[in-house]
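Asker: For reference, this is upload_14.cif, and it has mmCIF, C-alpha atoms.
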```
data_entry
loop_
_atom_site.label_atom_id
_atom_site.label_comp_id
_atom_site.auth_asym_id
_atom_site.auth_seq_id
_atom_site.Cartn_x
_atom_site.Cartn_y
_atom_site.Cartn_z
CA MET A 9 0.00 0.00 0.00
CA THR A 10 1.44 3.33 -1.00
CA ARG A 11 1.43 6.35 1.26
CA LYS A 12 -1.30 7.94 -0.84
CA GLN A 13 -3.56 4.91 -0.53
CA ARG A 14 -2.95 4.82 3.21
CA ARG A 15 -3.99 8.47 3.50
CA LEU A 16 -7.12 7.82 1.44
CA VAL A 17 -8.09 4.85 3.61
CA MET A 18 -7.55 6.90 6.77
CA ILE A 19 -9.73 9.72 5.46
CA ALA A 20 -12.44 7.25 4.44
CA ALA A 21 -12.35 5.58 7.88
CA ALA A 22 -12.53 8.94 9.68
CA GLY A 23 -15.40 9.94 7.40
CA GLY A 24 -17.27 6.73 8.23
CA ILE A 25 -16.94 7.32 11.95
CA LEU A 26 -18.06 10.93 11.50
CA VAL A 27 -21.17 9.83 9.59
CA ILE A 28 -22.10 7.32 12.30
CA ALA A 29 -21.57 9.94 15.02
CA ALA A 30 -23.68 12.51 13.18
CA ALA A 31 -26.45 9.98 12.56
CA LEU A 32 -26.54 9.07 16.27
CA VAL A 33 -26.66 12.72 17.34
CA LEU A 34 -29.40 13.58 14.86
CA SER A 35 -31.55 10.61 15.76
CA ALA A 36 -31.16 11.44 19.46
CA LEU A 37 -32.23 15.03 18.79
CA ARG A 38 -35.07 13.98 16.53
CA ASP A 39 -37.85 15.33 18.70
CA SER A 40 -36.34 18.78 19.01
CA ILE A 41 -35.41 19.10 15.34
CA VAL A 42 -38.96 18.62 14.07
CA PHE A 43 -40.44 22.04 13.53
CA PHE A 44 -44.05 21.27 14.34
CA ASN A 45 -46.37 18.60 15.69
CA SER A 46 -49.36 17.26 13.83
CA PRO A 47 -52.73 17.19 15.63
CA SER A 48 -52.28 13.42 16.09
CA ASP A 49 -48.88 13.99 17.72
CA VAL A 50 -50.39 16.55 20.08
CA ALA A 51 -53.22 14.21 21.05
CA GLU A 52 -50.82 11.31 21.49
CA LYS A 53 -48.21 13.11 23.54
CA HIS A 54 -50.84 14.54 25.91
CA ILE A 55 -49.23 17.96 25.85
CA ALA A 56 -50.26 19.93 28.91
CA PRO A 57 -52.34 23.12 28.46
CA GLY A 58 -50.11 26.17 28.49
CA THR A 59 -47.06 24.46 26.96
CA ARG A 60 -45.93 26.36 23.88
CA ILE A 61 -45.87 24.20 20.77
CA ARG A 62 -46.19 24.52 17.02
CA LEU A 63 -49.15 22.78 15.47
CA GLY A 64 -48.96 21.97 11.78
CA GLY A 65 -51.42 20.55 9.30
CA LEU A 66 -54.00 21.57 6.75
CA VAL A 67 -56.78 24.05 7.35
CA ALA A 68 -59.81 21.75 7.31
CA PRO A 69 -62.15 22.74 4.43
CA GLY A 70 -65.30 24.40 5.69
CA SER A 71 -63.90 25.09 9.14
CA LEU A 72 -62.84 28.71 8.69
CA VAL A 73 -64.96 31.21 10.64
CA ARG A 74 -64.06 34.88 10.61
CA GLY A 75 -65.17 36.95 13.61
CA ASP A 76 -64.85 40.62 14.48
CA ASN A 77 -61.54 42.35 14.95
CA LEU A 78 -59.43 39.97 12.83
CA GLU A 79 -60.50 37.05 14.93
CA VAL A 80 -60.48 33.74 13.11
CA LYS A 81 -61.30 30.22 14.06
CA PHE A 82 -60.42 27.20 12.01
CA SER A 83 -59.39 23.64 12.56
CA VAL A 84 -56.11 22.06 11.61
CA THR A 85 -56.19 18.48 10.45
CA ASP A 86 -53.72 15.83 9.38
CA GLY A 87 -56.36 13.55 7.93
CA LYS A 88 -56.70 11.56 11.15
CA THR A 89 -57.20 14.07 13.92
CA ALA A 90 -58.45 17.65 13.79
CA MET A 91 -57.81 20.37 16.32
CA ALA A 92 -59.66 23.66 16.75
CA VAL A 93 -57.48 26.77 16.55
CA ALA A 94 -58.33 30.34 17.54
CA TYR A 95 -56.21 33.21 16.29
CA ARG A 96 -56.39 36.96 16.17
CA GLY A 97 -54.27 38.87 13.72
CA ILE A 98 -53.30 39.15 10.11
CA LEU A 99 -53.04 35.87 8.22
CA PRO A 100 -50.40 35.27 5.55
CA ASP A 101 -51.44 35.62 1.88
CA LEU A 102 -51.33 31.91 1.24
CA PHE A 103 -53.72 31.14 4.08
CA ARG A 104 -56.89 29.45 2.86
CA GLU A 105 -58.87 26.30 3.44
CA GLY A 106 -56.94 23.23 2.39
CA GLN A 107 -53.61 25.06 2.76
CA GLY A 108 -50.80 23.81 4.97
CA VAL A 109 -50.29 26.04 7.99
CA ILE A 110 -48.22 26.07 11.14
CA ALA A 111 -49.72 27.75 14.20
CA GLU A 112 -47.63 28.62 17.23
CA GLY A 113 -49.24 28.88 20.63
CA ALA A 114 -50.63 26.71 23.39
CA LEU A 115 -53.66 24.63 24.27
CA ASP A 116 -56.14 26.18 26.64
CA GLY A 117 -58.04 24.18 29.24
CA ALA A 118 -60.94 23.45 26.88
CA GLY A 119 -58.79 21.63 24.33
CA GLN A 120 -58.73 24.56 21.92
CA PHE A 121 -55.43 25.73 20.51
CA LYS A 122 -54.82 29.45 21.02
CA ALA A 123 -52.35 30.59 18.39
CA ASP A 124 -50.35 33.80 18.55
CA SER A 125 -48.77 33.37 15.15
CA VAL A 126 -49.84 31.53 12.02
CA LEU A 127 -47.41 30.72 9.20
CA ALA A 128 -48.41 29.35 5.81
CA LYS A 129 -46.56 26.48 4.20
CA HIS A 130 -46.42 26.21 0.47
CA ASP A 131 -45.81 22.99 -1.38
CA GLU A 132 -43.10 22.08 -3.85
CA LYS A 133 -45.30 22.55 -6.92
CA TYR A 134 -44.89 25.51 -9.23
CA MET A 135 -47.06 26.08 -12.27
CA PRO A 136 -48.80 28.89 -14.13
CA LYS A 137 -52.44 29.60 -13.38
CA GLU A 138 -53.63 28.21 -16.71
CA VAL A 139 -51.97 24.88 -16.10
CA ALA A 140 -53.47 24.64 -12.61
CA GLU A 141 -56.91 25.37 -14.03
CA ALA A 142 -56.50 22.90 -16.87
CA LEU A 143 -55.47 20.20 -14.41
CA LYS A 144 -58.50 20.93 -12.26
CA LYS A 145 -60.77 20.73 -15.30
CA GLN A 146 -59.37 17.39 -16.37
CA GLY A 147 -59.78 16.06 -12.88
CA HIS A 148 -56.06 15.40 -12.44
CA TRP A 149 -55.88 17.88 -9.62
CA LYS A 150 -54.97 16.22 -6.37
CA GLU A 151 -56.86 18.22 -3.82
CA GLU A 152 -54.47 18.76 -0.97
CA SER A 153 -57.02 17.83 1.62
CA GLY A 154 -57.63 14.50 -0.08
CA LYS A 155 -54.31 12.85 0.59
CA ALA A 156 -52.58 13.19 3.92
CA ALA A 157 -50.89 16.37 2.64
CA PRO A 158 -47.29 17.22 1.92
CA VAL A 159 -47.11 18.85 5.33
CA VAL A 160 -47.64 15.67 7.22
CA SER A 161 -46.30 13.24 4.66
CA ARG A 162 -43.73 11.99 7.13
CA PRO A 163 -45.23 11.39 10.56
CA THR A 164 -42.56 11.28 13.24
CA ASN A 165 -43.75 7.93 14.46
CA SER A 166 -45.86 5.15 13.11
CA ALA A 167 -47.93 4.58 16.21
CA PRO A 168 -51.56 3.50 15.83
CA PRO A 169 -54.13 6.25 15.25
CA ALA A 170 -54.44 8.66 18.13
CA ALA A 171 -56.99 8.13 20.81
CA PRO A 172 -60.10 10.26 20.40
CA LYS A 173 -59.96 13.60 22.12
CA SER A 174 -61.33 13.53 25.63
CA MET B 435 -3.42 19.00 -22.20
CA ALA B 436 -3.45 16.35 -19.50
CA LEU B 437 -4.85 17.18 -16.11
CA ILE B 438 -1.45 16.61 -14.52
CA ASP B 439 -0.01 19.56 -16.47
CA LEU B 440 -2.38 21.83 -14.60
CA ALA B 441 -0.48 20.99 -11.44
CA ASN B 442 2.11 23.42 -12.69
CA PRO B 443 0.93 26.87 -11.56
CA THR B 444 2.61 28.59 -14.52
CA ARG B 445 0.69 26.40 -16.97
CA PHE B 446 -2.49 27.15 -15.03
CA LEU B 447 -1.81 30.89 -15.24
CA THR B 448 -1.41 30.72 -19.02
CA LEU B 449 -4.58 28.71 -19.36
CA ALA B 450 -6.52 30.98 -16.99
CA THR B 451 -5.52 34.10 -18.90
CA ARG B 452 -6.65 32.51 -22.14
CA VAL B 453 -9.93 31.09 -20.81
CA LEU B 454 -11.12 33.96 -18.59
CA PRO B 455 -12.41 36.36 -21.30
CA TRP B 456 -14.49 33.53 -22.79
CA LEU B 457 -15.88 32.60 -19.41
CA VAL B 458 -16.82 36.21 -18.69
CA GLY B 459 -18.56 36.53 -22.06
CA LEU B 460 -20.41 33.25 -21.69
CA THR B 461 -21.53 34.14 -18.16
CA LEU B 462 -22.87 37.53 -19.26
CA ALA B 463 -24.68 35.97 -22.23
CA LEU B 464 -26.37 33.33 -20.08
CA PHE B 465 -27.39 35.88 -17.47
CA ALA B 466 -28.90 38.03 -20.21
CA VAL B 467 -30.91 35.08 -21.54
CA GLY B 468 -31.79 33.84 -18.04
CA LEU B 469 -32.97 37.22 -16.74
CA TYR B 470 -34.98 37.82 -19.91
CA LEU B 471 -36.68 34.44 -19.51
CA THR B 472 -37.25 35.10 -15.81
CA PHE B 473 -38.92 38.46 -16.15
CA PHE B 474 -40.57 38.37 -19.57
CA VAL B 475 -41.24 34.74 -20.43
CA ALA B 476 -41.78 32.75 -17.23
CA PRO B 477 -45.42 32.93 -16.08
CA ASP B 478 -46.51 33.82 -12.57
CA ASP B 479 -47.17 30.95 -10.22
CA TYR B 480 -50.79 29.93 -9.59
CA GLN B 481 -50.38 30.35 -5.85
CA GLN B 482 -47.55 32.77 -5.35
CA GLY B 483 -48.09 35.19 -8.23
CA ALA B 484 -45.12 37.37 -9.17
CA VAL B 485 -43.32 36.64 -5.90
CA VAL B 486 -42.17 33.38 -7.51
CA LYS B 487 -39.53 35.43 -9.39
CA ILE B 488 -37.38 35.32 -6.25
CA MET B 489 -36.99 31.60 -6.88
CA PHE B 490 -34.89 32.22 -9.99
CA ILE B 491 -32.26 33.89 -7.82
CA HIS B 492 -32.76 31.98 -4.58
CA VAL B 493 -32.62 28.41 -5.87
CA PRO B 494 -29.42 28.73 -8.00
CA ASN B 495 -27.67 30.44 -5.07
CA ALA B 496 -28.77 27.68 -2.72
CA TRP B 497 -27.56 24.97 -5.14
CA LEU B 498 -24.26 26.76 -5.62
CA SER B 499 -23.74 27.16 -1.88
CA MET B 500 -23.64 23.35 -1.63
CA PHE B 501 -21.82 22.79 -4.94
CA VAL B 502 -18.95 25.08 -3.89
CA TRP B 503 -18.51 23.09 -0.69
CA GLY B 504 -18.30 20.00 -2.91
CA VAL B 505 -15.57 21.67 -4.98
CA MET B 506 -13.73 22.48 -1.76
CA CYS B 507 -14.01 18.83 -0.68
CA VAL B 508 -12.41 17.62 -3.92
CA ALA B 509 -9.67 20.20 -3.42
CA ALA B 510 -9.26 19.07 0.20
CA LEU B 511 -8.69 15.49 -0.95
CA GLY B 512 -6.15 16.83 -3.44
CA THR B 513 -4.39 18.62 -0.59
CA LEU B 514 -4.43 15.75 1.91
CA VAL B 515 -3.92 12.74 -0.34
CA TRP B 516 -2.01 13.92 -3.38
CA ARG B 517 -0.38 17.08 -1.96
CA HIS B 518 -1.43 18.78 -5.16
CA PRO B 519 -0.06 22.36 -5.14
CA LEU B 520 -2.99 23.76 -7.05
CA ALA B 521 -5.54 22.07 -4.77
CA ASP B 522 -4.62 24.40 -1.88
CA VAL B 523 -5.12 27.39 -4.11
CA ALA B 524 -8.47 26.10 -5.44
CA ALA B 525 -9.78 25.47 -1.92
CA LYS B 526 -8.72 28.87 -0.62
CA ALA B 527 -10.13 30.73 -3.61
CA ALA B 528 -13.50 28.94 -3.42
CA ALA B 529 -14.34 29.71 0.23
CA PRO B 530 -15.30 33.42 -0.01
CA ILE B 531 -17.28 32.77 -3.19
CA GLY B 532 -19.18 29.96 -1.51
CA ALA B 533 -19.85 32.16 1.50
CA ALA B 534 -21.29 34.85 -0.79
CA PHE B 535 -23.62 32.36 -2.52
CA THR B 536 -24.78 31.04 0.85
CA PHE B 537 -25.41 34.55 2.13
CA LEU B 538 -27.46 35.38 -0.97
CA ALA B 539 -29.46 32.16 -0.59
CA LEU B 540 -30.25 33.07 3.03
CA ALA B 541 -31.07 36.70 2.27
CA THR B 542 -33.31 36.02 -0.74
CA GLY B 543 -34.96 33.14 1.11
CA SER B 544 -35.72 35.48 3.99
CA LEU B 545 -37.25 38.07 1.65
CA TRP B 546 -39.30 35.32 0.03
CA GLY B 547 -40.44 33.91 3.36
CA ARG B 548 -41.96 37.17 4.56
CA PRO B 549 -44.75 37.40 1.95
CA MET B 550 -45.33 33.65 1.53
CA TRP B 551 -44.87 32.09 4.95
CA GLY B 552 -45.47 35.22 6.97
CA THR B 553 -42.02 35.36 8.57
CA TYR B 554 -38.45 36.31 7.67
CA TRP B 555 -36.88 33.54 9.67
CA VAL B 556 -37.74 30.41 11.61
CA TRP B 557 -35.44 27.86 13.21
CA ASP B 558 -36.51 24.89 11.13
CA ALA B 559 -34.05 22.19 10.05
CA ARG B 560 -33.48 23.50 6.50
CA LEU B 561 -32.92 27.14 7.41
CA THR B 562 -30.76 26.31 10.40
CA SER B 563 -28.55 23.84 8.53
CA VAL B 564 -27.93 26.41 5.78
CA LEU B 565 -27.03 29.01 8.41
CA VAL B 566 -24.55 26.48 9.81
CA LEU B 567 -23.10 26.12 6.30
CA PHE B 568 -22.64 29.89 6.12
CA LEU B 569 -20.89 29.94 9.52
CA MET B 570 -18.63 27.09 8.40
CA TYR B 571 -17.61 29.06 5.31
CA LEU B 572 -16.71 31.96 7.61
CA GLY B 573 -14.76 29.54 9.81
CA ILE B 574 -12.80 28.23 6.82
CA ILE B 575 -11.97 31.77 5.71
CA ALA B 576 -10.87 32.67 9.24
CA LEU B 577 -8.72 29.54 9.43
CA TRP B 578 -6.95 30.41 6.18
CA ARG B 579 -6.18 33.83 7.59
CA THR B 580 -5.07 32.64 11.01
CA VAL B 581 -2.34 30.21 9.98
CA GLU B 582 0.47 32.07 8.30
CA ASP B 583 2.26 29.23 6.52
CA PRO B 584 0.11 28.48 3.43
CA SER B 585 0.74 24.73 3.29
CA ARG B 586 -0.07 24.26 6.99
CA ALA B 587 -3.17 26.41 6.62
CA ALA B 588 -4.18 24.29 3.61
CA ARG B 589 -4.03 21.04 5.59
CA ALA B 590 -5.98 22.45 8.53
CA ALA B 591 -8.62 23.94 6.24
CA ALA B 592 -8.82 20.69 4.24
CA ILE B 593 -9.60 18.68 7.36
CA LEU B 594 -12.24 21.19 8.46
CA THR B 595 -13.74 21.12 4.95
CA LEU B 596 -14.07 17.32 4.93
CA VAL B 597 -15.58 17.30 8.42
CA GLY B 598 -18.02 20.02 7.39
CA ALA B 599 -19.09 17.99 4.35
CA ILE B 600 -21.39 16.04 6.68
CA ASN B 601 -23.66 19.08 6.64
CA ILE B 602 -24.33 18.88 2.89
CA PRO B 603 -26.54 15.74 2.96
CA ILE B 604 -28.17 17.12 6.11
CA ILE B 605 -29.15 20.27 4.21
CA LYS B 606 -30.36 18.32 1.20
CA PHE B 607 -32.47 15.82 3.14
CA SER B 608 -33.51 18.05 6.06
CA VAL B 609 -36.88 18.64 4.40
CA ASP B 610 -37.45 14.88 4.10
CA TRP B 611 -36.13 13.69 7.44
CA TRP B 612 -37.89 16.23 9.63
CA ASN B 613 -41.01 18.28 9.16
CA THR B 614 -40.03 21.84 8.35
CA LEU B 615 -41.60 25.09 7.27
CA HIS B 616 -39.51 24.94 4.10
CA GLN B 617 -41.18 22.91 1.37
CA PRO B 618 -39.61 19.64 0.11
CA ALA B 619 -37.39 19.46 -2.98
CA SER B 620 -39.02 20.48 -6.25
CA VAL B 621 -36.47 19.56 -8.92
CA PHE B 622 -34.18 16.79 -7.69
CA ARG B 623 -36.72 14.42 -6.22
CA ALA B 624 -38.14 10.96 -6.82
CA GLY B 625 -40.80 11.09 -9.53
CA GLY B 626 -39.32 14.01 -11.45
CA SER B 627 -39.59 17.75 -11.16
CA ALA B 628 -42.70 19.27 -9.61
CA ILE B 629 -42.16 22.54 -11.47
CA ASP B 630 -44.01 23.23 -14.68
CA LYS B 631 -41.74 23.33 -17.74
CA SER B 632 -42.48 27.00 -18.40
CA ILE B 633 -40.98 27.87 -15.01
CA LEU B 634 -38.38 25.08 -14.87
CA VAL B 635 -36.52 26.00 -18.06
CA PRO B 636 -35.79 29.61 -17.02
CA LEU B 637 -34.73 28.29 -13.60
CA LEU B 638 -32.25 25.86 -15.16
CA VAL B 639 -30.85 28.58 -17.45
CA MET B 640 -30.31 30.77 -14.40
CA ALA B 641 -28.67 27.84 -12.59
CA VAL B 642 -26.21 27.37 -15.47
CA ALA B 643 -25.56 31.14 -15.50
CA PHE B 644 -24.78 31.14 -11.79
CA THR B 645 -22.54 28.07 -12.19
CA LEU B 646 -20.60 29.86 -14.93
CA LEU B 647 -20.37 32.90 -12.66
CA PHE B 648 -18.81 30.67 -10.04
CA LEU B 649 -16.32 29.22 -12.55
CA THR B 650 -15.34 32.69 -13.74
CA LEU B 651 -14.86 34.04 -10.23
CA HIS B 652 -13.06 30.89 -9.12
CA VAL B 653 -10.54 30.86 -11.97
CA ALA B 654 -9.89 34.58 -11.48
CA ALA B 655 -9.51 34.16 -7.71
CA MET B 656 -7.15 31.20 -8.20
CA ARG B 657 -5.01 33.26 -10.55
CA ASN B 658 -4.89 36.09 -8.02
CA GLU B 659 -3.98 33.68 -5.24
CA ILE B 660 -1.10 32.20 -7.26
CA LEU B 661 0.24 35.67 -8.00
CA ARG B 662 -0.15 36.65 -4.33
CA ARG B 663 1.86 33.59 -3.29
CA ARG B 664 4.61 34.45 -5.75
CA ILE B 665 4.85 37.96 -4.34
CA ARG B 666 5.05 36.50 -0.84
CA THR B 667 7.87 34.16 -1.86
CA LEU B 668 9.76 36.98 -3.57
CA ARG B 669 9.38 39.20 -0.51
CA LEU B 670 10.64 36.43 1.77
CA LEU B 671 13.64 35.85 -0.51
CA GLN B 672 14.38 39.54 -0.63
CA ALA B 673 14.19 39.88 3.14
CA ARG B 674 16.53 36.92 3.55
CA MET B 675 19.03 38.42 1.13
CA THR B 676 18.90 41.83 2.81
CA ASN B 677 19.48 40.13 6.16
CA ALA B 678 22.41 38.16 4.77
CA GLY B 679 23.86 41.34 3.25
CA ALA B 680 23.51 43.23 6.53
CA ARG B 681 25.25 40.45 8.44
CA ALA B 682 28.20 40.22 6.03
#
```
Can you dump the structure from the file as structure tokens?
Answerer:
Amino acid sequence: MTRKQRRLVMIAAAGGILVIAAALVLSALRDSIVFFNSPSDVAEKHIAPGTRIRLGGLVAPGSLVRGDNLEVKFSVTDGKTAMAVAYRGILPDLFREGQGVIAEGALDGAGQFKADSVLAKHDEKYMPKEVAEALKKQGHWKEESGKAAPVVSRPTNSAPPAAPKS
Amino acid sequence: MALIDLANPTRFLTLATRVLPWLVGLTLALFAVGLYLTFFVAPDDYQQGAVVKIMFIHVPNAWLSMFVWGVMCVAALGTLVWRHPLADVAAKAAAPIGAAFTFLALATGSLWGRPMWGTYWVWDARLTSVLVLFLMYLGIIALWRTVEDPSRAARAAAILTLVGAINIPIIKFSVDWWNTLHQPASVFRAGGSAIDKSILVPLLVMAVAFTLLFLTLHVAAMRNEILRRRIRTLRLLQARMTNAGARA
């Protein structure tokens, strides 16, 4: 083995160890790296009222109610569980029913999520308006609310469906 | 010309001087075409409207920020394994350019996030890992400047570069491994691109333009670095001779 080969092997070995170390660290930190919890996660983890969390999912179609003074109520769903959210303030442009959103706030005693900020998620698709309309006409449009959404495409655990809300 | 001939800095200088005007011209031409396509041909997005134009700047910068680290990794192997004299120069010249691309990706992403997401910044996995990449670029630049002897600095920076390479797959797959505010990959993903052709083609032209910009800046910066090293060597020689003369 030449010196050059020895150096290459050493670098490869060090790289391998580094990858294993990084993978261990990242999998240990998994819970704190995820940016938001889905409604099912929240129900499953029994998060105490008052604990600040981010709740992510789709705005359930037909659930949006606008009140006075910029007050809005809607429910966030991941296809399995839905959670009622109350918010007061200006919503992002992309906010609409069926859109992915992330609300930050805490649960109140009554099981309602009081949000103090709402962010909109957009998906990875880009197309001109005409194409979107043509797709809808031909029935190829995958309504976001139909499938379990890009937002929650990768649940953090594969536990059985969450227990019904108490 | 074989690749090995490029190891000779003088040969590289000749080649660089000959190639640079062409690279500059080609870069300008592609930017002209790319910007025209971006602003006059590409349609507005069905959801985002005209704000989607930021993508044509943001995405190429983000790709380049990772690509430049890849270039630095190849150079780092050249430094550590083959002790290639030009590899040190390539690595050193690439770092500030990579840092600039990363900064632009972060800044344009932030400006894009405000109207679409409703925030300039969140600490999700994608945004945070790119910020870490930016800090690592700054660290590499600082390391090059801290160690005075160029060949020792090259080895230290090469090791740091290879260690930092672990962040590149983390950035790429952060949107798949964890849930994030940032959307998943649109172009390089299983099942093909999720961008309509009328938007994808201008994006790819812009990506090629930015890659050529990197090549142009990199070759120019490498040439400057070689000349700077020659001046340093000449100064050291001169100082040694003056010292010897004073002692005699």
Asker: Which residues, named as in the file, does the PyMOL selection byres ((chain A) within 8 of (chain B)) pick out? Answer as an NGL selection string.
Answerer: :A and (12-13 or 15-16 or 23 or 26-27 or 30 or 38 or 41-44 or 99-102 or 110 or 126-138 or 140 or 159-160 or 162 or 164)
Asker: List the residues selected by the PyMOL selection byres ((chain A and resi 114) around 10) in the file shown, writing them as a ChimeraX atom specification.
Answerer: /A:55-63,93,111-113,115-117,119-124
Asker: What would the selection look like, as a list in words, if the PyMOL selection byres ((chain B and resi 573) around 12) were run on the coordinates I just shared?
Answerer: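 When the PyMOL selection byres ((chain B and resi 573) around 12) is applied, the selected residues are Ala529, Pro530, Ala533, Val566, Leu567, Phe568, Leu569, Met570, Tyr571, Leu572, Ile574, Ile575, Ala576, Leu577, Trp578, Arg579, Thr580, Ala590, Ala591, Leu594, Thr595 and Gly598 of chain B.
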Asker: One number please: atom CA of B:Thr513 to atom CA of B:Ala673, in Å, one decimal.
Answerer: 28.5 Å
Asker: Give me, please, the distance in Å between atom CA of B:Ser563 and atom CA of B:Phe490, quoted to one decimal.
Answerer: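 Computed distance, atom CA of B:Ser563 to atom CA of B:Phe490, equals 21.3 Å.
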Asker: For A:Phe82, list every protein, DNA or RNA residue within 9 Å, evaluated using all atoms listed in the file, and leave out those in the same chain fewer than 2 positions away; present the list as a list in words.
Answerer: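 Final neighbour list, sorted by chain and number: Val67, Ala68, Pro69, Gly70, Ser71, Leu72, Val73, Arg74, Val80, Val84, Met91, Ala92, Val93, Ala94, Tyr95 and Glu105 of chain A.
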Asker: Export C-alpha atoms of the chosen residues as a PDB file, in the frame of the given file?
Answerer:
```pdb
ATOM      1  CA  VAL A  67     -56.780  24.050   7.350  1.00  0.00           C
ATOM      2  CA  ALA A  68     -59.810  21.750   7.310  1.00  0.00           C
ATOM      3  CA  PRO A  69     -62.150  22.740   4.430  1.00  0.00           C
ATOM      4  CA  GLY A  70     -65.300  24.400   5.690  1.00  0.00           C
ATOM      5  CA  SER A  71     -63.900  25.090   9.140  1.00  0.00           C
ATOM      6  CA  LEU A  72     -62.840  28.710   8.690  1.00  0.00           C
ATOM      7  CA  VAL A  73     -64.960  31.210  10.640  1.00  0.00           C
ATOM      8  CA  ARG A  74     -64.060  34.880  10.610  1.00  0.00           C
ATOM      9  CA  VAL A  80     -60.480  33.740  13.110  1.00  0.00           C
ATOM     10  CA  VAL A  84     -56.110  22.060  11.610  1.00  0.00           C
ATOM     11  CA  MET A  91     -57.810  20.370  16.320  1.00  0.00           C
ATOM     12  CA  ALA A  92     -59.660  23.660  16.750  1.00  0.00           C
ATOM     13  CA  VAL A  93     -57.480  26.770  16.550  1.00  0.00           C
ATOM     14  CA  ALA A  94     -58.330  30.340  17.540  1.00  0.00           C
ATOM     15  CA  TYR A  95     -56.210  33.210  16.290  1.00  0.00           C
ATOM     16  CA  GLU A 105     -58.870  26.300   3.440  1.00  0.00           C
TER      17      GLU A 105
END
```
Asker: Rounded to one decimal in Å, what is the spacing between atom CA of B:Ile491 and atom CA of B:Met640?
Answerer: 7.5 Å
Asker: I'd like the contact shell of B:Ala509 - 6 Å cut-off, only C-alpha atoms, skipping same-chain residues fewer than 3 positions apart - returned as a ChimeraX atom specification.
Answerer: /B:506,512,521,525
Asker: What does the file look like for those residues with C-alpha atoms, as a JSON list (two decimals), in the coordinates of the input?
Answerer:
```
[["chain", "number", "residue", "atom", "x", "y", "z"],
["B", 506, "MET", "CA", -13.73, 22.48, -1.76],
["B", 512, "GLY", "CA", -6.15, 16.83, -3.44],
["B", 521, "ALA", "CA", -5.54, 22.07, -4.77],
["B", 525, "ALA", "CA", -9.78, 25.47, -1.92]]
```
Asker: Taking (-33.4, 34.5, -16.3) in the file's coordinates, which residues come within 9 Å, counting only C-alpha atoms, written as a compact mmCIF listing (two decimals) with C-alpha atoms, keeping the file's coordinate frame?
Answerer:
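Contents of point22.txt, freshly written:
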```txt
# COMPACT_ATOMS: atom_id res chain seq x y z
CA LEU B 464 -26.37 33.33 -20.08
CA PHE B 465 -27.39 35.88 -17.47
CA ALA B 466 -28.90 38.03 -20.21
CA VAL B 467 -30.91 35.08 -21.54
CA GLY B 468 -31.79 33.84 -18.04
CA LEU B 469 -32.97 37.22 -16.74
CA TYR B 470 -34.98 37.82 -19.91
CA LEU B 471 -36.68 34.44 -19.51
CA THR B 472 -37.25 35.10 -15.81
CA PHE B 473 -38.92 38.46 -16.15
CA PHE B 474 -40.57 38.37 -19.57
CA VAL B 475 -41.24 34.74 -20.43
CA ALA B 476 -41.78 32.75 -17.23
CA PHE B 490 -34.89 32.22 -9.99
CA ILE B 491 -32.26 33.89 -7.82
CA PRO B 636 -35.79 29.61 -17.02
CA LEU B 637 -34.73 28.29 -13.60
CA LEU B 638 -32.25 25.86 -15.16
CA VAL B 639 -30.85 28.58 -17.45
CA MET B 640 -30.31 30.77 -14.40
CA ALA B 641 -28.67 27.84 -12.59
CA ALA B 643 -25.56 31.14 -15.50
```
Asker: With all atoms listed in the file as the atoms that count, which of A:Leu66, A:Leu78, A:Val109, A:Leu32 lies nearest to A:Gly97?
Answerer: A:Leu78
